[in-house]
Amino acid sequence: MNSVWMGRRTTWALISIVASVAVAITSPAEAARRKVRSSGGGYSPLAASIVVDTKTGKILQGENIDEPRIPASITKVMSLYLLFEQLERGRMRLDTPLTVSAYAASQPPTKLGLRPGSTIEVDDAIKAMVTLSANDVSVVVAENIAGSEDAFAQMMTRKARELGMSSTAFYNPHGLPHEPPNITTARDLSVLGRAIQDRFPKYFAYFQTRSFQYGKRTIRGHNRLLGKVEGVDGIKTGYTRLSGFNLLTSVNTDTRSIVAVVLGGRSGASRDQKMAALIDNHLPRAYAGARTTPAMVENQPAMVAEAPAPRSVEPAPIAAPVKVASATLQAPIAQASTPQAAPERKPLDLNTLRPVVASAAGASSTTTPSSVRWQKGQEPLPLNAQAYAALPTPAQIPATQKAALQAKIEAKAVEPSPAANKTASLKADVPKAEAPEPKKAVTGWVIQLGATDDEDKAKAMLDSARNRFGKVLAKAAPFTEKVTVDGSTLYRARFSGFSESDDAASVCKQLKKGGVNCFAARG
């Protein structure tokens with residue numbers, strides 16, 4: 001009996017020794033992981049937010065607007081932008097079946113649960129991405145448009161450049177964790193939120209979807225502000241452990257319109273509270289008159305719309321264009337001609353990020369907890385800040401990510417060649433064969449599409465509208481009007497030939513239905 005007892009004591013002693021050694025040799029990485037788990041979460045970078053008046057392009061509020069942040073599932077807004085392009089160009093229809101690959105079906109939640117080899121119609125794919133934020137559907141869309149997830153991500157980054165989102169880079173179509181991660185800023189997401197409305201007013205209504213039926217299932221959305229805050233009509237939530245709780249929101253009332261972004265919230269509820277407070281504080285400050293900024297135009301510099309007595313801002317150096325490596329055709333890269341000075345941005349150090357733990361029971365890594373209680377928001381930035389102004393430098397990337405990042409994005413300063421300057425000067429000096437006829441004074445009412453710092457761009461706007469709405473504008477005469485506002489020269493793109501205000505307003509209304517923003521004014 002004593003021998004048995006001694007044997008047991010020896011066994012337990014050996015187990016104790018082994019356990020002690022195991023604790024002693026635990027790796028630093030494992031210790032760090034345990035520390036993160038035991039810390040209860042926390043988000044190291046400060047939160048970021050922005051509120052932009054969509055009628056004037058002015059920033060009404062801003063906090064860390066140019067600091068790099070992880071967009072999480074807000075990434076899907078750009079994926080949908082490219083899908084809407086396919087619909088607009090007639091390459092796809094809402095009933096077009098999209099084939100599901102094994103890779104797409106293998107994506108982690110949240111997901112619709114598609115089977116390899118099955119299909120999903122475009123209409124259902126859009127609704128699944130908007131409401132459920134389905135990661136498997138996002139890859140289905142990417143592969144059916146570009147052939148692969150990587151090729152589609154390059155298209156996304158290229159489109160971001162065309163829209164003026166100079167600090168954004170995409171590596172996947174859904175926003176799940178990736179090395180390096182998708183990177184953006186609050187300012188860039190506000191540009192995307194405005195652009196997708198301007199370009200696709202017909203399809204933007206999808207972002208109002210609160211639930212939809214898929215087979216026998218009812219899929220409900222994550223955006224808790226829809227139906228709770230007056231005027232909110234979309235657009236997208238986002239969450240991963242590293243990004244925190246994100247929200248891109250559009251608000252449209254009868255008289256006012258804003259786009260707002262909140263990034264890095266500590267919980268879904270606190271993020272929603274902050275967004276509701278921003279809307280409550282700044283929507284009343286938005287311009288209630290006719291829109292003064294033109295619709296977003298891709299592949300062109302951002303255009304500056306006239307605003308009542310804006311304060312002058314010293315222009316910053318033009319941002320260096322960014323070239324994106326791609327197997328597909330390269331699209332021209334947009335720059336803003338009058339960029340605004342922005343604070344120096346720090347790279348996003350992934351080593352300092354700590355995960356945010358979802359606060360709702362049963363929440364997955366990408367779901368958004370509900371429960372909304374409103375509170376007041378932040379003080380605004382000066383009104384003369386411009387949301388569409390280009391940033392002075394591309395977003396920096398930590399050294400550990402540069403090798404991977406350079407495979408898709410190369411920042412390269414482009415200096416104008418002497419030959420190009422010479423050509424431009426020669427063109428300007430060529431004498432006209434005949435003296436131009438003096439411009440006749442415009443009377444009656446006119447329609448203005450927008451104003452830009454380049455007369456050729458203003459004429460291009462008029463030509464584009466004339467080509468698209470030939471019958472509507474058959475009796476209208478296009479012209480540009482040079483004006484000076486606070487020392488800056490602008491060229492208004494206008495159509496004349498309307499004797500009554502109702503005539504001009506009626507034509508402008510038809511243009512707006514076709515996605516062209518305008519307003520009527522006395523000539």
# chains A, B, ... in the order shown; residues from 1 in each chain; ligands from 1
>>> residues_around(residues="Asp503 of chain A", least_positions_apart="5", cutoff="12 Å", atoms="only C-alpha atoms", output="list in words")
Gly444, Trp445, Val446, Ile447, Val472, Leu473, Lys475, Ala476, Ser496, Gly497, Phe498, Cys508, Lys509, Gln510, Phe519, Ala520, Ala521 and Arg522 of chain A
>>> write_last_selection(atoms="all heavy atoms", output="compact mmCIF listing (two decimals), in the first residue's frame")
# COMPACT_ATOMS: atom_id res chain seq x y z
N GLY A 444 -32.26 86.62 -68.94
CA GLY A 444 -33.16 85.55 -68.55
C GLY A 444 -32.54 84.65 -67.49
O GLY A 444 -31.78 85.10 -66.63
N TRP A 445 -32.85 83.35 -67.60
CA TRP A 445 -32.40 82.38 -66.62
C TRP A 445 -31.41 81.39 -67.22
O TRP A 445 -31.45 81.14 -68.43
CB TRP A 445 -33.59 81.61 -66.04
CG TRP A 445 -34.40 82.47 -65.10
CD1 TRP A 445 -35.31 83.42 -65.44
CD2 TRP A 445 -34.33 82.45 -63.68
NE1 TRP A 445 -35.83 84.02 -64.33
CE2 TRP A 445 -35.25 83.43 -63.22
CE3 TRP A 445 -33.62 81.71 -62.75
CZ2 TRP A 445 -35.45 83.68 -61.87
CZ3 TRP A 445 -33.81 81.95 -61.42
CH2 TRP A 445 -34.73 82.94 -60.97
N VAL A 446 -30.52 80.86 -66.38
CA VAL A 446 -29.50 79.92 -66.84
C VAL A 446 -29.51 78.71 -65.91
O VAL A 446 -30.06 78.74 -64.81
CB VAL A 446 -28.09 80.54 -66.86
CG1 VAL A 446 -28.04 81.74 -67.77
CG2 VAL A 446 -27.65 80.91 -65.44
N ILE A 447 -28.87 77.64 -66.39
CA ILE A 447 -28.63 76.45 -65.58
C ILE A 447 -27.12 76.32 -65.40
O ILE A 447 -26.38 76.33 -66.38
CB ILE A 447 -29.18 75.18 -66.25
CG1 ILE A 447 -30.70 75.21 -66.27
CG2 ILE A 447 -28.69 73.93 -65.53
CD1 ILE A 447 -31.31 74.05 -67.01
N VAL A 472 -33.29 67.43 -74.34
CA VAL A 472 -33.66 68.33 -73.25
C VAL A 472 -32.97 69.69 -73.40
O VAL A 472 -33.56 70.73 -73.09
CB VAL A 472 -33.28 67.70 -71.90
CG1 VAL A 472 -33.58 68.64 -70.74
CG2 VAL A 472 -34.04 66.39 -71.70
N LEU A 473 -31.73 69.67 -73.87
CA LEU A 473 -30.94 70.91 -73.98
C LEU A 473 -30.87 71.42 -75.42
O LEU A 473 -29.99 72.22 -75.74
CB LEU A 473 -29.52 70.66 -73.45
CG LEU A 473 -29.41 70.27 -71.97
CD1 LEU A 473 -28.00 69.81 -71.64
CD2 LEU A 473 -29.79 71.46 -71.09
N LYS A 475 -32.57 73.57 -77.11
CA LYS A 475 -32.72 75.01 -77.30
C LYS A 475 -31.81 75.81 -76.37
O LYS A 475 -31.85 77.05 -76.41
CB LYS A 475 -34.17 75.40 -77.07
CG LYS A 475 -35.15 74.78 -78.07
CD LYS A 475 -36.57 75.25 -77.80
CE LYS A 475 -37.54 74.64 -78.81
NZ LYS A 475 -38.94 75.07 -78.56
N ALA A 476 -31.03 75.13 -75.56
CA ALA A 476 -30.15 75.83 -74.61
C ALA A 476 -28.78 76.08 -75.25
O ALA A 476 -28.31 75.30 -76.08
CB ALA A 476 -29.98 75.01 -73.34
N SER A 496 -27.66 78.76 -71.22
CA SER A 496 -28.59 79.88 -71.24
C SER A 496 -29.75 79.56 -72.19
O SER A 496 -29.79 78.51 -72.82
CB SER A 496 -27.88 81.15 -71.69
OG SER A 496 -27.43 81.01 -73.04
N GLY A 497 -30.69 80.52 -72.29
CA GLY A 497 -31.80 80.34 -73.21
C GLY A 497 -33.12 80.04 -72.53
O GLY A 497 -34.05 79.53 -73.17
N PHE A 498 -33.22 80.36 -71.23
CA PHE A 498 -34.46 80.12 -70.51
C PHE A 498 -35.06 81.45 -70.09
O PHE A 498 -34.44 82.20 -69.32
CB PHE A 498 -34.19 79.25 -69.28
CG PHE A 498 -33.48 77.96 -69.58
CD1 PHE A 498 -32.10 77.87 -69.44
CD2 PHE A 498 -34.17 76.86 -70.04
CE1 PHE A 498 -31.43 76.69 -69.73
CE2 PHE A 498 -33.51 75.67 -70.32
CZ PHE A 498 -32.14 75.59 -70.19
N CYS A 508 -33.45 71.49 -65.35
CA CYS A 508 -32.47 71.08 -64.33
C CYS A 508 -32.97 69.83 -63.61
O CYS A 508 -32.19 68.92 -63.29
CB CYS A 508 -32.25 72.22 -63.34
SG CYS A 508 -30.91 71.91 -62.17
N LYS A 509 -34.26 69.75 -63.38
CA LYS A 509 -34.84 68.59 -62.72
C LYS A 509 -34.62 67.33 -63.53
O LYS A 509 -34.31 66.25 -63.00
CB LYS A 509 -36.32 68.81 -62.47
CG LYS A 509 -37.00 67.72 -61.67
CD LYS A 509 -38.45 68.06 -61.40
CE LYS A 509 -39.13 66.97 -60.57
NZ LYS A 509 -40.56 67.30 -60.30
N GLN A 510 -34.76 67.44 -64.86
CA GLN A 510 -34.53 66.29 -65.73
C GLN A 510 -33.07 65.87 -65.73
O GLN A 510 -32.75 64.69 -65.79
CB GLN A 510 -35.00 66.62 -67.15
CG GLN A 510 -36.50 66.85 -67.26
CD GLN A 510 -36.94 67.10 -68.69
OE1 GLN A 510 -36.77 66.25 -69.55
NE2 GLN A 510 -37.49 68.28 -68.94
N PHE A 519 -28.20 73.71 -60.88
CA PHE A 519 -29.18 74.60 -60.25
C PHE A 519 -29.49 75.73 -61.20
O PHE A 519 -28.68 76.10 -62.08
CB PHE A 519 -28.67 75.13 -58.90
CG PHE A 519 -27.43 75.97 -58.98
CD1 PHE A 519 -27.50 77.35 -59.17
CD2 PHE A 519 -26.18 75.40 -58.84
CE1 PHE A 519 -26.36 78.11 -59.22
CE2 PHE A 519 -25.02 76.16 -58.89
CZ PHE A 519 -25.11 77.52 -59.09
N ALA A 520 -30.68 76.30 -61.06
CA ALA A 520 -31.12 77.41 -61.91
C ALA A 520 -30.76 78.73 -61.25
O ALA A 520 -30.81 78.86 -60.02
CB ALA A 520 -32.63 77.32 -62.14
N ALA A 521 -30.37 79.70 -62.07
CA ALA A 521 -29.99 81.02 -61.56
C ALA A 521 -30.34 82.07 -62.60
O ALA A 521 -30.47 81.77 -63.80
CB ALA A 521 -28.50 81.07 -61.22
N ARG A 522 -30.47 83.31 -62.14
CA ARG A 522 -30.74 84.39 -63.09
C ARG A 522 -29.46 84.76 -63.82
O ARG A 522 -28.39 84.81 -63.22
CB ARG A 522 -31.30 85.61 -62.35
CG ARG A 522 -31.76 86.73 -63.28
CD ARG A 522 -32.39 87.87 -62.49
NE ARG A 522 -33.65 87.47 -61.88
CZ ARG A 522 -34.81 87.45 -62.53
NH1 ARG A 522 -34.88 87.76 -63.82
NH2 ARG A 522 -35.92 87.09 -61.90
>>> closest_residue(among="A:Val507, A:Val130, A:Ala142, A:Leu46", to="Met156 of chain A", atoms="only C-alpha atoms")
A:Ala142
>>> closest_atom_pairs(of="segment 64-152 of chain A", to="segment 259-278 of chain A", cutoff="9 Å", atoms="only C-alpha atoms", output="CSV")
residue,atom,partner,partner_atom,distance
A:Arg69,CA,A:Leu263,CA,7.5
A:Ile70,CA,A:Leu263,CA,8.3
A:Pro71,CA,A:Leu263,CA,7.6
>>> residues_around(residues="Thr119 of chain A", least_positions_apart="4", cutoff="6 Å", atoms="only C-alpha atoms", output="list in words")
Pro97, Leu98, Thr99 and Val100 of chain A
>>> closest_residue(among="A:Arg468, A:Lys111, A:Arg161, A:Arg93", to="Val140 of chain A", atoms="only C-alpha atoms")
A:Lys111
>>> closest_atom_pairs(of="segment 73-161 of chain A", to="segment 239-245 of chain A", cutoff="12 Å", atoms="only C-alpha atoms", output="CSV")
residue,atom,partner,partner_atom,distance
A:Ser73,CA,A:Tyr239,CA,6.4
A:Ile74,CA,A:Tyr239,CA,8.5
A:Thr75,CA,A:Tyr239,CA,10.6
A:Lys76,CA,A:Tyr239,CA,12.0
A:Pro109,CA,A:Thr240,CA,11.3
A:Thr110,CA,A:Tyr239,CA,10.9
A:Ser133,CA,A:Tyr239,CA,10.3
>>> select_by_dssp(residues="segment 86-312 of chain A", states="helix (DSSP H, G or I)", output="ChimeraX atom specification")
/A:86-88,102-105,122-132,135-146,149-162,186-199,204-208,268-285
>>> decode(residues="segment 485-501 of chain A", atoms="N, CA and C atoms", output="PDB file, in the first residue's frame")
ATOM      1  N   VAL A 485     -13.245  84.790 -57.384  1.00  0.00           N
ATOM      2  CA  VAL A 485     -13.761  84.679 -56.015  1.00  0.00           C
ATOM      3  C   VAL A 485     -12.585  84.637 -55.059  1.00  0.00           C
ATOM      4  N   ASP A 486     -12.455  85.681 -54.245  1.00  0.00           N
ATOM      5  CA  ASP A 486     -11.356  85.754 -53.265  1.00  0.00           C
ATOM      6  C   ASP A 486      -9.999  85.510 -53.904  1.00  0.00           C
ATOM      7  N   GLY A 487      -9.777  86.111 -55.067  1.00  0.00           N
ATOM      8  CA  GLY A 487      -8.496  86.000 -55.749  1.00  0.00           C
ATOM      9  C   GLY A 487      -8.325  84.763 -56.597  1.00  0.00           C
ATOM     10  N   SER A 488      -9.286  83.834 -56.561  1.00  0.00           N
ATOM     11  CA  SER A 488      -9.209  82.620 -57.368  1.00  0.00           C
ATOM     12  C   SER A 488     -10.097  82.752 -58.592  1.00  0.00           C
ATOM     13  N   THR A 489      -9.567  82.356 -59.738  1.00  0.00           N
ATOM     14  CA  THR A 489     -10.328  82.424 -60.989  1.00  0.00           C
ATOM     15  C   THR A 489     -11.060  81.111 -61.224  1.00  0.00           C
ATOM     16  N   LEU A 490     -12.351  81.210 -61.442  1.00  0.00           N
ATOM     17  CA  LEU A 490     -13.180  80.041 -61.713  1.00  0.00           C
ATOM     18  C   LEU A 490     -13.933  80.245 -63.022  1.00  0.00           C
ATOM     19  N   TYR A 491     -14.304  79.125 -63.638  1.00  0.00           N
ATOM     20  CA  TYR A 491     -15.081  79.156 -64.880  1.00  0.00           C
ATOM     21  C   TYR A 491     -16.382  78.401 -64.654  1.00  0.00           C
ATOM     22  N   ARG A 492     -17.482  79.125 -64.734  1.00  0.00           N
ATOM     23  CA  ARG A 492     -18.791  78.511 -64.563  1.00  0.00           C
ATOM     24  C   ARG A 492     -19.204  77.798 -65.841  1.00  0.00           C
ATOM     25  N   ALA A 493     -19.734  76.596 -65.684  1.00  0.00           N
ATOM     26  CA  ALA A 493     -20.274  75.840 -66.828  1.00  0.00           C
ATOM     27  C   ALA A 493     -21.782  76.036 -66.821  1.00  0.00           C
ATOM     28  N   ARG A 494     -22.308  76.753 -67.844  1.00  0.00           N
ATOM     29  CA  ARG A 494     -23.714  77.160 -67.825  1.00  0.00           C
ATOM     30  C   ARG A 494     -24.400  76.930 -69.171  1.00  0.00           C
ATOM     31  N   PHE A 495     -25.717  76.801 -69.099  1.00  0.00           N
ATOM     32  CA  PHE A 495     -26.580  76.795 -70.278  1.00  0.00           C
ATOM     33  C   PHE A 495     -27.553  77.963 -70.157  1.00  0.00           C
ATOM     34  N   SER A 496     -27.656  78.761 -71.222  1.00  0.00           N
ATOM     35  CA  SER A 496     -28.594  79.882 -71.241  1.00  0.00           C
ATOM     36  C   SER A 496     -29.752  79.561 -72.188  1.00  0.00           C
ATOM     37  N   GLY A 497     -30.691  80.516 -72.287  1.00  0.00           N
ATOM     38  CA  GLY A 497     -31.804  80.345 -73.208  1.00  0.00           C
ATOM     39  C   GLY A 497     -33.123  80.042 -72.533  1.00  0.00           C
ATOM     40  N   PHE A 498     -33.221  80.356 -71.235  1.00  0.00           N
ATOM     41  CA  PHE A 498     -34.459  80.115 -70.514  1.00  0.00           C
ATOM     42  C   PHE A 498     -35.060  81.450 -70.095  1.00  0.00           C
ATOM     43  N   SER A 499     -36.243  81.742 -70.591  1.00  0.00           N
ATOM     44  CA  SER A 499     -36.859  83.042 -70.312  1.00  0.00           C
ATOM     45  C   SER A 499     -37.525  83.080 -68.941  1.00  0.00           C
ATOM     46  N   GLU A 500     -37.965  81.921 -68.451  1.00  0.00           N
ATOM     47  CA  GLU A 500     -38.638  81.865 -67.164  1.00  0.00           C
ATOM     48  C   GLU A 500     -37.887  80.945 -66.202  1.00  0.00           C
ATOM     49  N   SER A 501     -38.024  81.236 -64.919  1.00  0.00           N
ATOM     50  CA  SER A 501     -37.346  80.416 -63.921  1.00  0.00           C
ATOM     51  C   SER A 501     -37.883  78.989 -63.926  1.00  0.00           C
TER      52      SER A 501
END
